[in-house]
Amino acid sequence: MRYMLMMNAPRGTGDWGIYDWSPEDFKAHIAFMHGFNKELTDAGEFVSVEGLSPPGQAKLVRAGKGGAPVTDGPFPESKEFLAGYWIVEVDQPERAYELAAKASAAPGRGGAPLNMPIEVRQVMSGPPTDS
């Protein structure tokens, strides 16, 4: 089963609060993420990972008249925002929850665990095909 682990950052100004951290704290956080990704790879659970740009750069897009894109945003003062995600392949949902808890505890300022909310959702497969 594949699961998406979505890292949600708290409300902010639309910029990454992480950029205000000391260089040592930032490096420790990135090293944790690289180590976590390696663990997933070594365990055969890694599918993909992506970090996302700050919400101050986001746009909401809808189809307008004749299908032309209509954009709105950015929305920097949102309650929380998606900072990045992993897609993992595991045998049980409980394993996805364990991985999400580990990612949640990534170090922040002074090495203290961030305990960021990580939303876990199963990646649905397509509908059955007739053979």
# chains A, B, ... in the order shown; residues from 1 in each chain; ligands from 1
call {"tool": "residues_around", "arguments": {"residues": "Gly111 (chain A)", "least_positions_apart": "4", "cutoff": "12 Å", "atoms": "only C-alpha atoms", "output": "number ranges by chain"}}
result
A: 21-22, 24-32, 105-107, 115
call {"tool": "closest_residue", "arguments": {"among": "A:Leu52, A:Ala101, A:Met6, A:Leu60", "to": "Ile87 (chain A)", "atoms": "only C-alpha atoms"}}
result
A:Met6
call {"tool": "select_by_dssp", "arguments": {"residues": "chain A", "states": "alpha helix (DSSP H)", "output": "number ranges by chain"}}
result
A: 23-42, 93-104
call {"tool": "residues_around", "arguments": {"residues": "region 40-49 of chain A", "least_positions_apart": "2", "cutoff": "10 Å", "atoms": "only C-alpha atoms", "output": "ChimeraX atom specification"}}
result
/A:2-6,34-38,51,84-91,95-96,99
call {"tool": "closest_residue", "arguments": {"among": "A:Pro55, A:Val61, A:Gly73, A:Ala103", "to": "Val120 (chain A)", "atoms": "only C-alpha atoms"}}
result
A:Ala103
call {"tool": "select_by_dssp", "arguments": {"residues": "chain A", "states": "strand (DSSP E)", "output": "ChimeraX atom specification"}}
result
/A:2-10,46-51,60-63,69-72,80-89,118-122
call {"tool": "closest_residue", "arguments": {"among": "A:Leu82, A:Pro10, A:Ile18, A:Pro69", "to": "Glu119 (chain A)", "atoms": "only C-alpha atoms"}}
result
A:Leu82
call {"tool": "atom_distance", "arguments": {"atom1": "CA of Gln57 (chain A)", "atom2": "CA of Pro117 (chain A)"}}
result
21.6 Å
call {"tool": "atom_distance", "arguments": {"atom1": "CA of Phe81 (chain A)", "atom2": "CA of Met116 (chain A)"}}
result
11.2 Å
call {"tool": "decode", "arguments": {"residues": "region 27-42 of chain A", "atoms": "all heavy atoms", "output": "mmCIF file, in the first residue's frame"}}
result
data_model
loop_
_atom_site.group_PDB
_atom_site.id
_atom_site.type_symbol
_atom_site.label_atom_id
_atom_site.label_comp_id
_atom_site.auth_asym_id
_atom_site.auth_seq_id
_atom_site.Cartn_x
_atom_site.Cartn_y
_atom_site.Cartn_z
ATOM 1 N N LYS A 27 21.082 23.283 9.187
ATOM 2 C CA LYS A 27 21.859 22.124 8.725
ATOM 3 C C LYS A 27 21.429 20.847 9.426
ATOM 4 O O LYS A 27 21.336 19.788 8.806
ATOM 5 C CB LYS A 27 23.351 22.375 8.935
ATOM 6 C CG LYS A 27 23.938 23.380 7.972
ATOM 7 C CD LYS A 27 25.405 23.639 8.284
ATOM 8 C CE LYS A 27 25.932 24.777 7.440
ATOM 9 N NZ LYS A 27 27.307 25.128 7.795
ATOM 10 N N ALA A 28 21.161 20.920 10.733
ATOM 11 C CA ALA A 28 20.718 19.736 11.484
ATOM 12 C C ALA A 28 19.372 19.243 10.960
ATOM 13 O O ALA A 28 19.141 18.035 10.844
ATOM 14 C CB ALA A 28 20.638 20.053 12.975
ATOM 15 N N HIS A 29 18.484 20.164 10.646
ATOM 16 C CA HIS A 29 17.161 19.799 10.127
ATOM 17 C C HIS A 29 17.292 19.109 8.765
ATOM 18 O O HIS A 29 16.700 18.053 8.534
ATOM 19 C CB HIS A 29 16.287 21.051 10.008
ATOM 20 C CG HIS A 29 14.910 20.791 9.514
ATOM 21 N ND1 HIS A 29 13.923 20.288 10.327
ATOM 22 C CD2 HIS A 29 14.349 20.947 8.285
ATOM 23 C CE1 HIS A 29 12.812 20.156 9.619
ATOM 24 N NE2 HIS A 29 13.050 20.542 8.378
ATOM 25 N N ILE A 30 18.080 19.689 7.885
ATOM 26 C CA ILE A 30 18.275 19.111 6.545
ATOM 27 C C ILE A 30 18.977 17.761 6.656
ATOM 28 O O ILE A 30 18.615 16.808 5.951
ATOM 29 C CB ILE A 30 19.045 20.090 5.636
ATOM 30 C CG1 ILE A 30 18.235 21.381 5.430
ATOM 31 C CG2 ILE A 30 19.390 19.434 4.303
ATOM 32 C CD1 ILE A 30 16.826 21.194 4.875
ATOM 33 N N ALA A 31 19.962 17.641 7.541
ATOM 34 C CA ALA A 31 20.641 16.353 7.742
ATOM 35 C C ALA A 31 19.660 15.294 8.222
ATOM 36 O O ALA A 31 19.713 14.136 7.781
ATOM 37 C CB ALA A 31 21.792 16.514 8.736
ATOM 38 N N PHE A 32 18.741 15.674 9.115
ATOM 39 C CA PHE A 32 17.711 14.741 9.570
ATOM 40 C C PHE A 32 16.872 14.262 8.391
ATOM 41 O O PHE A 32 16.612 13.059 8.244
ATOM 42 C CB PHE A 32 16.809 15.407 10.613
ATOM 43 C CG PHE A 32 15.630 14.567 11.007
ATOM 44 C CD1 PHE A 32 15.711 13.701 12.086
ATOM 45 C CD2 PHE A 32 14.435 14.620 10.298
ATOM 46 C CE1 PHE A 32 14.632 12.907 12.447
ATOM 47 C CE2 PHE A 32 13.352 13.838 10.638
ATOM 48 C CZ PHE A 32 13.445 12.977 11.726
ATOM 49 N N MET A 33 16.446 15.195 7.547
ATOM 50 C CA MET A 33 15.605 14.828 6.401
ATOM 51 C C MET A 33 16.345 13.897 5.444
ATOM 52 O O MET A 33 15.783 12.905 4.971
ATOM 53 C CB MET A 33 15.121 16.079 5.664
ATOM 54 C CG MET A 33 14.152 16.922 6.456
ATOM 55 S SD MET A 33 12.674 15.991 6.893
ATOM 56 C CE MET A 33 11.770 17.219 7.783
ATOM 57 N N HIS A 34 17.615 14.191 5.179
ATOM 58 C CA HIS A 34 18.413 13.315 4.306
ATOM 59 C C HIS A 34 18.548 11.921 4.938
ATOM 60 O O HIS A 34 18.428 10.912 4.238
ATOM 61 C CB HIS A 34 19.788 13.917 4.021
ATOM 62 C CG HIS A 34 19.763 15.045 3.044
ATOM 63 N ND1 HIS A 34 19.482 14.879 1.706
ATOM 64 C CD2 HIS A 34 19.980 16.368 3.213
ATOM 65 C CE1 HIS A 34 19.532 16.045 1.097
ATOM 66 N NE2 HIS A 34 19.821 16.980 1.989
ATOM 67 N N GLY A 35 18.794 11.881 6.237
ATOM 68 C CA GLY A 35 18.904 10.598 6.936
ATOM 69 C C GLY A 35 17.599 9.818 6.915
ATOM 70 O O GLY A 35 17.592 8.593 6.717
ATOM 71 N N PHE A 36 16.495 10.517 7.109
ATOM 72 C CA PHE A 36 15.178 9.885 7.073
ATOM 73 C C PHE A 36 14.909 9.301 5.690
ATOM 74 O O PHE A 36 14.474 8.148 5.558
ATOM 75 C CB PHE A 36 14.104 10.906 7.456
ATOM 76 C CG PHE A 36 12.709 10.362 7.504
ATOM 77 C CD1 PHE A 36 12.351 9.377 8.408
ATOM 78 C CD2 PHE A 36 11.733 10.847 6.651
ATOM 79 C CE1 PHE A 36 11.058 8.879 8.459
ATOM 80 C CE2 PHE A 36 10.440 10.361 6.689
ATOM 81 C CZ PHE A 36 10.102 9.369 7.604
ATOM 82 N N ASN A 37 15.229 10.050 4.654
ATOM 83 C CA ASN A 37 15.032 9.559 3.285
ATOM 84 C C ASN A 37 15.912 8.337 3.010
ATOM 85 O O ASN A 37 15.482 7.393 2.337
ATOM 86 C CB ASN A 37 15.317 10.663 2.270
ATOM 87 C CG ASN A 37 14.321 11.799 2.368
ATOM 88 O OD1 ASN A 37 13.225 11.657 2.910
ATOM 89 N ND2 ASN A 37 14.713 12.951 1.863
ATOM 90 N N LYS A 38 17.136 8.328 3.534
ATOM 91 C CA LYS A 38 18.019 7.177 3.354
ATOM 92 C C LYS A 38 17.456 5.951 4.059
ATOM 93 O O LYS A 38 17.492 4.841 3.523
ATOM 94 C CB LYS A 38 19.422 7.489 3.853
ATOM 95 C CG LYS A 38 20.399 6.337 3.612
ATOM 96 C CD LYS A 38 21.800 6.683 4.020
ATOM 97 C CE LYS A 38 22.819 5.592 3.776
ATOM 98 N NZ LYS A 38 22.388 4.240 3.732
ATOM 99 N N GLU A 39 16.932 6.141 5.274
ATOM 100 C CA GLU A 39 16.308 5.028 5.999
ATOM 101 C C GLU A 39 15.153 4.441 5.196
ATOM 102 O O GLU A 39 15.000 3.216 5.117
ATOM 103 C CB GLU A 39 15.806 5.485 7.369
ATOM 104 C CG GLU A 39 16.889 5.725 8.385
ATOM 105 C CD GLU A 39 16.319 6.216 9.712
ATOM 106 O OE1 GLU A 39 15.189 5.814 10.078
ATOM 107 O OE2 GLU A 39 17.009 7.007 10.379
ATOM 108 N N LEU A 40 14.332 5.302 4.632
ATOM 109 C CA LEU A 40 13.211 4.826 3.818
ATOM 110 C C LEU A 40 13.715 4.048 2.615
ATOM 111 O O LEU A 40 13.179 2.988 2.268
ATOM 112 C CB LEU A 40 12.353 6.010 3.355
ATOM 113 C CG LEU A 40 11.567 6.763 4.419
ATOM 114 C CD1 LEU A 40 10.922 8.007 3.806
ATOM 115 C CD2 LEU A 40 10.522 5.878 5.060
ATOM 116 N N THR A 41 14.749 4.566 1.973
ATOM 117 C CA THR A 41 15.322 3.902 0.803
ATOM 118 C C THR A 41 15.904 2.545 1.194
ATOM 119 O O THR A 41 15.632 1.530 0.544
ATOM 120 C CB THR A 41 16.409 4.788 0.155
ATOM 121 O OG1 THR A 41 15.792 6.013 -0.242
ATOM 122 C CG2 THR A 41 17.032 4.114 -1.052
ATOM 123 N N ASP A 42 16.689 2.520 2.261
ATOM 124 C CA ASP A 42 17.311 1.275 2.712
ATOM 125 C C ASP A 42 16.274 0.218 3.098
ATOM 126 O O ASP A 42 16.509 -0.981 2.918
ATOM 127 C CB ASP A 42 18.252 1.532 3.890
ATOM 128 C CG ASP A 42 19.491 2.332 3.503
ATOM 129 O OD1 ASP A 42 19.753 2.500 2.290
ATOM 130 O OD2 ASP A 42 20.194 2.806 4.427
#
